[in-house]
Amino acid sequence: MRYLSTRGQIEPVSFTDAVMMGLANDGGLLLPESIPTVGSREIEQFQELSYPELAFALFRLFVGGDIPEPVLEKLIQQSYATFDHPAVAPLARHGDIFILELFHGQTLAFKDIALQFLGNLFAWILAERQESMNILGATSGDTGSAAIYGVRGKKNINIFILHPHGKVSPVQEKQMTSVLDPNVFNIAVEGTFDDGQRIVKEIFADLDFKRTHHLGAVNSINWARIMAQIVYYFWAFLQLPAAERKTVDIVVPSGNFGNIFAGYLAKRMGLPIRRLVLASNENNILNRFIATGDYRCSEVVPTWSPSMDIQVASNFERYLYYLLEGNPEKVRQAFVQLRETGAIAVGEELLSRVREDFGTGFATNDETLSTIADFHQQTGYILDPHTAVGVKVAGQLRRDEKDGATFICLATAHPAKFPDAVHRAIGSYPPVPESLRDIDQRQCRFQILPADTTAVKNYIREQLSLQ
Ligand SMILES: *Cc1c(COP(=O)(O)O)cnc(C)c1O
């Protein structure tokens, strides 16, 4: 399988090159040159597989011989052995909805599913090529810790993660900064998440610095992250009782469009679900796009579901590419339009296609908390605030539903990661899982730096020269 850019201005590359490239060199995002399909007989046969076996069956369609199959199998086994549930991602019914728990990895958010695998994949590719890599990224919380846990202690990889000093949740800060492996560098920037993001972009734009220091990226522009997320859409469907499989909607709490885009690909591959439902919080640019065809950025407002507080959804470009019939010229034009007018607008015909692909809804801040409270009262189950956004939207859609569809909501984080929101909603704190038990006592290490690109560059240079 070869990979193309949504902007159409690079030669096709192999799977491993696509993973190492991150963002395509022409500024676009990488996609497989064709979407592999699986037939209904094959999907039936998937029924017998464990989560890692299913991942292998699907990944091999995208890797296409670029990694020896026994190696691929081992990388997958290694990645999911770190999860604390034998099913990796268990599905269970609570009230009238199925919840797929994607938070059984070490940092308690769904990002572990892709970043554990990406860490192992990077390590293998670098060893093969006898190269090294320095990962640089900015985080508002979940991505940073999942990426750090994905590569801690690995040979040939260092990771530098910027977080806004004092502005991530206490649990998130402890998770990131208590990883003391010598290849992990936490930078607490005296500024906001946007400052961190801007600094990272400026450093990547300095191609000389990027090349000299072998910089690499782990955000959800990386194709391997999307690929890894396709698996649990198939998995969720296969865990449903047979009687529930007729009409299935999967609801996805969304921010950067990375998670739900993987679901879109699963559906294109042949997964027999009716609809993907995009659930937004008050930062509902994607929800408004699906409702009106107008993609227009506004200010980010802080919510109880901070990992969805995003306006520029980077993976949206991948979907736009398919919507515009794989025409990179049209994708480039759309982004020129976005730059010049602050919006991308699609006409009625395309909008009706968007609506065939996605349902949508959003939850306000108050609705997020009241959903946690109501759901807890009705079922005894504690939702985290991101998952609550999805459950709220599922409830809205179910009310309009005539043919008794089955709803699955993806649970993207463990409630213990957001104890304050839960406490405010139900008056008590969620039970603390093993991995967070002693977190307050752990030793932490981080470097505080001003929100200044030169200061961060100097720090990276200095740390690398010491190794
Ligand atoms: C990252 C994240 C999301 C949003 O996922 P996208 O792929 O950006 O749409 C939702 N919930 C949690 C808990 C997250 O960490």
# chains A, B, ... in the order shown; residues from 1 in each chain; ligands from 1
call {"tool": "select_by_dssp", "arguments": {"residues": "segment 65-191 of chain A", "states": "helix (DSSP H, G or I)", "output": "NGL selection string"}}
result
:A and (69-80 or 111-129 or 142-151 or 170-177)
call {"tool": "write_last_selection", "arguments": {"atoms": "C-alpha atoms", "output": "PDB file, in the first residue's frame"}}
result
ATOM      1  CA  GLU A  69       4.157  -9.889   9.441  1.00  0.00           C
ATOM      2  CA  PRO A  70       5.688 -11.621  12.503  1.00  0.00           C
ATOM      3  CA  VAL A  71       7.204  -8.260  13.469  1.00  0.00           C
ATOM      4  CA  LEU A  72       3.891  -6.468  13.027  1.00  0.00           C
ATOM      5  CA  GLU A  73       2.190  -9.109  15.138  1.00  0.00           C
ATOM      6  CA  LYS A  74       4.740  -8.659  17.908  1.00  0.00           C
ATOM      7  CA  LEU A  75       4.482  -4.859  17.889  1.00  0.00           C
ATOM      8  CA  ILE A  76       0.703  -5.168  18.303  1.00  0.00           C
ATOM      9  CA  GLN A  77       0.938  -7.759  21.101  1.00  0.00           C
ATOM     10  CA  GLN A  78       3.443  -5.602  22.949  1.00  0.00           C
ATOM     11  CA  SER A  79       1.243  -2.504  22.612  1.00  0.00           C
ATOM     12  CA  TYR A  80      -1.979  -3.994  23.972  1.00  0.00           C
ATOM     13  CA  LYS A 111      -5.181   8.056  22.928  1.00  0.00           C
ATOM     14  CA  ASP A 112      -3.230   5.177  24.516  1.00  0.00           C
ATOM     15  CA  ILE A 113      -4.725   2.793  21.948  1.00  0.00           C
ATOM     16  CA  ALA A 114      -2.919   4.511  19.096  1.00  0.00           C
ATOM     17  CA  LEU A 115       0.102   5.942  20.907  1.00  0.00           C
ATOM     18  CA  GLN A 116       1.237   2.680  22.524  1.00  0.00           C
ATOM     19  CA  PHE A 117       1.391   1.189  19.050  1.00  0.00           C
ATOM     20  CA  LEU A 118       2.986   4.269  17.478  1.00  0.00           C
ATOM     21  CA  GLY A 119       5.737   4.268  20.133  1.00  0.00           C
ATOM     22  CA  ASN A 120       6.610   0.632  19.419  1.00  0.00           C
ATOM     23  CA  LEU A 121       6.381   1.224  15.679  1.00  0.00           C
ATOM     24  CA  PHE A 122       8.729   4.221  15.818  1.00  0.00           C
ATOM     25  CA  ALA A 123      11.230   2.232  17.876  1.00  0.00           C
ATOM     26  CA  TRP A 124      11.228  -0.624  15.363  1.00  0.00           C
ATOM     27  CA  ILE A 125      11.546   1.609  12.284  1.00  0.00           C
ATOM     28  CA  LEU A 126      14.384   3.615  13.871  1.00  0.00           C
ATOM     29  CA  ALA A 127      16.278   0.461  14.839  1.00  0.00           C
ATOM     30  CA  GLU A 128      15.909  -0.870  11.266  1.00  0.00           C
ATOM     31  CA  ARG A 129      17.136   2.384   9.756  1.00  0.00           C
ATOM     32  CA  ASP A 142      -4.185  13.829  27.214  1.00  0.00           C
ATOM     33  CA  THR A 143      -1.989  13.581  24.117  1.00  0.00           C
ATOM     34  CA  GLY A 144       1.163  14.528  26.019  1.00  0.00           C
ATOM     35  CA  SER A 145       0.882  11.848  28.668  1.00  0.00           C
ATOM     36  CA  ALA A 146      -0.187   9.142  26.198  1.00  0.00           C
ATOM     37  CA  ALA A 147       2.736  10.015  23.892  1.00  0.00           C
ATOM     38  CA  ILE A 148       5.205  10.034  26.805  1.00  0.00           C
ATOM     39  CA  TYR A 149       3.991   6.619  27.971  1.00  0.00           C
ATOM     40  CA  GLY A 150       4.237   5.406  24.374  1.00  0.00           C
ATOM     41  CA  VAL A 151       7.980   6.103  24.077  1.00  0.00           C
ATOM     42  CA  PRO A 170      -3.480  18.231  38.396  1.00  0.00           C
ATOM     43  CA  VAL A 171      -3.934  14.584  37.345  1.00  0.00           C
ATOM     44  CA  GLN A 172      -2.722  15.299  33.824  1.00  0.00           C
ATOM     45  CA  GLU A 173       0.282  17.271  35.085  1.00  0.00           C
ATOM     46  CA  LYS A 174       1.321  14.510  37.471  1.00  0.00           C
ATOM     47  CA  GLN A 175       0.867  11.818  34.814  1.00  0.00           C
ATOM     48  CA  MET A 176       3.225  13.582  32.435  1.00  0.00           C
ATOM     49  CA  THR A 177       5.867  14.930  34.754  1.00  0.00           C
TER      50      THR A 177
END
call {"tool": "residues_around", "arguments": {"residues": "segment 442-450 of chain A", "least_positions_apart": "5", "cutoff": "6 Å", "atoms": "only C-alpha atoms", "output": "list in words"}}
result
Thr177, Ser178, Asn186, Ile187, Ala188, Val189 and Glu190 of chain A
call {"tool": "write_last_selection", "arguments": {"atoms": "N, CA and C atoms", "output": "compact mmCIF listing (two decimals), in the first residue's frame"}}
result
# COMPACT_ATOMS: atom_id res chain seq x y z
N THR A 177 4.58 14.50 34.21
CA THR A 177 5.87 14.93 34.75
C THR A 177 6.47 13.92 35.72
N SER A 178 5.72 12.88 36.07
CA SER A 178 6.29 11.88 36.97
C SER A 178 6.95 10.74 36.21
N ASN A 186 9.79 17.14 29.93
CA ASN A 186 8.57 17.94 30.05
C ASN A 186 8.94 19.41 30.15
N ILE A 187 8.32 20.23 29.32
CA ILE A 187 8.56 21.67 29.37
C ILE A 187 7.26 22.36 29.76
N ALA A 188 7.29 23.06 30.90
CA ALA A 188 6.12 23.82 31.34
C ALA A 188 6.30 25.25 30.84
N VAL A 189 5.47 25.61 29.86
CA VAL A 189 5.60 26.93 29.24
C VAL A 189 4.79 27.95 30.04
N GLU A 190 5.42 29.09 30.31
CA GLU A 190 4.69 30.15 31.03
C GLU A 190 3.77 30.85 30.03
call {"tool": "residues_around", "arguments": {"residues": "Leu369 of chain A", "least_positions_apart": "2", "cutoff": "8 Å", "atoms": "only C-alpha atoms", "output": "PyMOL selection string"}}
result
chain A and resi 365-367+371-373+385+388+421-422+424-425
call {"tool": "write_last_selection", "arguments": {"atoms": "N, CA, C and O atoms", "output": "PDB file, in the first residue's frame"}}
result
ATOM      1  N   ASN A 365     -22.115  23.124  28.494  1.00  0.00           N
ATOM      2  CA  ASN A 365     -21.439  22.792  29.748  1.00  0.00           C
ATOM      3  C   ASN A 365     -22.401  22.264  30.804  1.00  0.00           C
ATOM      4  O   ASN A 365     -22.123  21.270  31.474  1.00  0.00           O
ATOM      5  N   ASP A 366     -23.536  22.938  30.957  1.00  0.00           N
ATOM      6  CA  ASP A 366     -24.509  22.493  31.957  1.00  0.00           C
ATOM      7  C   ASP A 366     -25.066  21.122  31.609  1.00  0.00           C
ATOM      8  O   ASP A 366     -25.262  20.269  32.479  1.00  0.00           O
ATOM      9  N   GLU A 367     -25.332  20.915  30.319  1.00  0.00           N
ATOM     10  CA  GLU A 367     -25.875  19.619  29.896  1.00  0.00           C
ATOM     11  C   GLU A 367     -24.867  18.492  30.138  1.00  0.00           C
ATOM     12  O   GLU A 367     -25.251  17.358  30.446  1.00  0.00           O
ATOM     13  N   THR A 371     -25.905  15.449  32.422  1.00  0.00           N
ATOM     14  CA  THR A 371     -25.898  14.091  31.846  1.00  0.00           C
ATOM     15  C   THR A 371     -25.135  13.132  32.749  1.00  0.00           C
ATOM     16  O   THR A 371     -25.570  11.994  32.974  1.00  0.00           O
ATOM     17  N   ILE A 372     -23.998  13.595  33.297  1.00  0.00           N
ATOM     18  CA  ILE A 372     -23.251  12.739  34.238  1.00  0.00           C
ATOM     19  C   ILE A 372     -24.164  12.379  35.419  1.00  0.00           C
ATOM     20  O   ILE A 372     -24.262  11.213  35.816  1.00  0.00           O
ATOM     21  N   ALA A 373     -24.866  13.392  35.930  1.00  0.00           N
ATOM     22  CA  ALA A 373     -25.731  13.180  37.103  1.00  0.00           C
ATOM     23  C   ALA A 373     -26.882  12.229  36.767  1.00  0.00           C
ATOM     24  O   ALA A 373     -27.118  11.241  37.484  1.00  0.00           O
ATOM     25  N   PRO A 385     -16.568  13.573  31.609  1.00  0.00           N
ATOM     26  CA  PRO A 385     -17.298  14.651  30.917  1.00  0.00           C
ATOM     27  C   PRO A 385     -17.238  14.578  29.380  1.00  0.00           C
ATOM     28  O   PRO A 385     -18.169  15.049  28.722  1.00  0.00           O
ATOM     29  N   ALA A 388     -19.756  11.976  28.467  1.00  0.00           N
ATOM     30  CA  ALA A 388     -21.087  12.516  28.764  1.00  0.00           C
ATOM     31  C   ALA A 388     -21.622  13.340  27.586  1.00  0.00           C
ATOM     32  O   ALA A 388     -22.822  13.313  27.301  1.00  0.00           O
ATOM     33  N   ALA A 421     -15.039  17.663  37.696  1.00  0.00           N
ATOM     34  CA  ALA A 421     -16.304  17.718  36.960  1.00  0.00           C
ATOM     35  C   ALA A 421     -17.272  16.674  37.505  1.00  0.00           C
ATOM     36  O   ALA A 421     -18.461  16.950  37.710  1.00  0.00           O
ATOM     37  N   VAL A 422     -16.747  15.481  37.771  1.00  0.00           N
ATOM     38  CA  VAL A 422     -17.599  14.402  38.279  1.00  0.00           C
ATOM     39  C   VAL A 422     -18.150  14.781  39.660  1.00  0.00           C
ATOM     40  O   VAL A 422     -19.345  14.621  39.934  1.00  0.00           O
ATOM     41  N   ARG A 424     -18.624  17.717  40.900  1.00  0.00           N
ATOM     42  CA  ARG A 424     -19.627  18.761  40.761  1.00  0.00           C
ATOM     43  C   ARG A 424     -20.975  18.189  40.295  1.00  0.00           C
ATOM     44  O   ARG A 424     -22.036  18.640  40.705  1.00  0.00           O
ATOM     45  N   ALA A 425     -20.905  17.151  39.459  1.00  0.00           N
ATOM     46  CA  ALA A 425     -22.138  16.579  38.911  1.00  0.00           C
ATOM     47  C   ALA A 425     -22.851  15.667  39.900  1.00  0.00           C
ATOM     48  O   ALA A 425     -24.075  15.725  40.023  1.00  0.00           O
TER      49      ALA A 425
END
call {"tool": "residues_near_ligand", "arguments": {"ligand": "ligand 1", "cutoff": "8 Å", "atoms": "only C-alpha atoms and all ligand atoms", "output": "VMD selection string"}}
result
chain A and resid 109 to 111 141 to 143 220 252 to 261 305 to 308 310 313 386 to 387 411 to 414
call {"tool": "closest_atom_pairs", "arguments": {"of": "segment 241-342 of chain A", "to": "segment 348-361 of chain A", "cutoff": "6 Å", "atoms": "only C-alpha atoms", "output": "JSON lines"}}
result
{"residue": "A:Arg275", "atom": "CA", "partner": "A:Phe358", "partner_atom": "CA", "distance": 5.8}
{"residue": "A:Leu276", "atom": "CA", "partner": "A:Phe358", "partner_atom": "CA", "distance": 5.0}
{"residue": "A:Val277", "atom": "CA", "partner": "A:Gly359", "partner_atom": "CA", "distance": 4.4}
{"residue": "A:Leu278", "atom": "CA", "partner": "A:Thr360", "partner_atom": "CA", "distance": 4.6}
{"residue": "A:Ala279", "atom": "CA", "partner": "A:Gly361", "partner_atom": "CA", "distance": 5.3}
{"residue": "A:Asn287", "atom": "CA", "partner": "A:Thr360", "partner_atom": "CA", "distance": 5.8}
{"residue": "A:Gly293", "atom": "CA", "partner": "A:Leu351", "partner_atom": "CA", "distance": 5.6}
call {"tool": "atom_distance", "arguments": {"atom1": "atom CA of Leu49 of chain A", "atom2": "atom CA of Gln239 of chain A"}}
result
10.8 Å
call {"tool": "atom_distance", "arguments": {"atom1": "atom CA of Thr247 of chain A", "atom2": "atom CA of Gly105 of chain A"}}
result
29.6 Å
call {"tool": "closest_atom_pairs", "arguments": {"of": "segment 261-377 of chain A", "to": "segment 222-234 of chain A", "cutoff": "9 Å", "atoms": "only C-alpha atoms", "output": "CSV"}}
result
residue,atom,partner,partner_atom,distance
A:Phe261,CA,A:Ile226,CA,7.4
A:Ala262,CA,A:Ile230,CA,4.8
A:Gly263,CA,A:Ile230,CA,5.9
A:Tyr264,CA,A:Ile230,CA,8.5
A:Leu265,CA,A:Ile230,CA,7.0
A:Ala266,CA,A:Ile230,CA,5.6
A:Lys267,CA,A:Tyr233,CA,8.6
A:Leu271,CA,A:Phe234,CA,6.6
call {"tool": "residues_around", "arguments": {"residues": "Asn327 of chain A", "least_positions_apart": "6", "cutoff": "9 Å", "atoms": "only C-alpha atoms", "output": "list in words"}}
result
Thr6, Arg7, Gly8 and Tyr321 of chain A
call {"tool": "select_by_dssp", "arguments": {"residues": "segment 127-158 of chain A", "states": "strand (DSSP E or B)", "output": "PyMOL selection string"}}
result
chain A and resi 133-138+157-158
call {"tool": "atom_distance", "arguments": {"atom1": "atom CA of Lys402 of chain A", "atom2": "atom CA of Ile99 of chain A"}}
result
21.3 Å
call {"tool": "residues_around", "arguments": {"residues": "Gln377 of chain A", "least_positions_apart": "5", "cutoff": "12 Å", "atoms": "only C-alpha atoms", "output": "PyMOL selection string"}}
result
chain A and resi 94-95+370-372+382-383+425-427
call {"tool": "write_last_selection", "arguments": {"atoms": "C-alpha atoms", "output": "PDB file, in the first residue's frame"}}
result
ATOM      1  CA  HIS A  94     -25.774   0.696  30.555  1.00  0.00           C
ATOM      2  CA  GLY A  95     -29.450   1.604  30.419  1.00  0.00           C
ATOM      3  CA  SER A 370     -26.490  17.078  34.151  1.00  0.00           C
ATOM      4  CA  THR A 371     -25.898  14.091  31.846  1.00  0.00           C
ATOM      5  CA  ILE A 372     -23.251  12.739  34.238  1.00  0.00           C
ATOM      6  CA  ILE A 382     -20.044   7.223  36.136  1.00  0.00           C
ATOM      7  CA  LEU A 383     -19.307   8.949  32.815  1.00  0.00           C
ATOM      8  CA  ALA A 425     -22.138  16.579  38.911  1.00  0.00           C
ATOM      9  CA  ILE A 426     -22.786  13.783  41.406  1.00  0.00           C
ATOM     10  CA  GLY A 427     -21.426  15.117  44.688  1.00  0.00           C
TER      11      GLY A 427
END
call {"tool": "decode", "arguments": {"residues": "segment 271-294 of chain A", "atoms": "C-alpha atoms", "output": "mmCIF file, in the first residue's frame"}}
result
data_model
loop_
_atom_site.group_PDB
_atom_site.id
_atom_site.type_symbol
_atom_site.label_atom_id
_atom_site.label_comp_id
_atom_site.auth_asym_id
_atom_site.auth_seq_id
_atom_site.Cartn_x
_atom_site.Cartn_y
_atom_site.Cartn_z
ATOM 1 C CA LEU A 271 -18.366 -2.134 8.557
ATOM 2 C CA PRO A 272 -22.178 -2.420 8.426
ATOM 3 C CA ILE A 273 -23.188 0.483 10.658
ATOM 4 C CA ARG A 274 -25.824 3.074 9.811
ATOM 5 C CA ARG A 275 -24.269 6.298 10.981
ATOM 6 C CA LEU A 276 -21.402 7.873 12.812
ATOM 7 C CA VAL A 277 -22.551 10.607 15.125
ATOM 8 C CA LEU A 278 -20.245 13.514 15.842
ATOM 9 C CA ALA A 279 -20.761 14.905 19.341
ATOM 10 C CA SER A 280 -19.282 18.328 20.194
ATOM 11 C CA ASN A 281 -19.085 20.411 23.324
ATOM 12 C CA GLU A 282 -19.601 24.194 23.091
ATOM 13 C CA ASN A 283 -16.644 24.370 20.705
ATOM 14 C CA ASN A 284 -18.931 23.005 18.010
ATOM 15 C CA ILE A 285 -17.324 23.986 14.709
ATOM 16 C CA LEU A 286 -17.650 20.416 13.380
ATOM 17 C CA ASN A 287 -21.212 20.072 14.584
ATOM 18 C CA ARG A 288 -22.107 23.317 12.798
ATOM 19 C CA PHE A 289 -20.391 22.110 9.631
ATOM 20 C CA ILE A 290 -22.477 18.945 9.515
ATOM 21 C CA ALA A 291 -25.638 20.874 10.342
ATOM 22 C CA THR A 292 -25.113 23.776 7.897
ATOM 23 C CA GLY A 293 -22.195 23.059 5.540
ATOM 24 C CA ASP A 294 -20.279 26.030 6.911
#
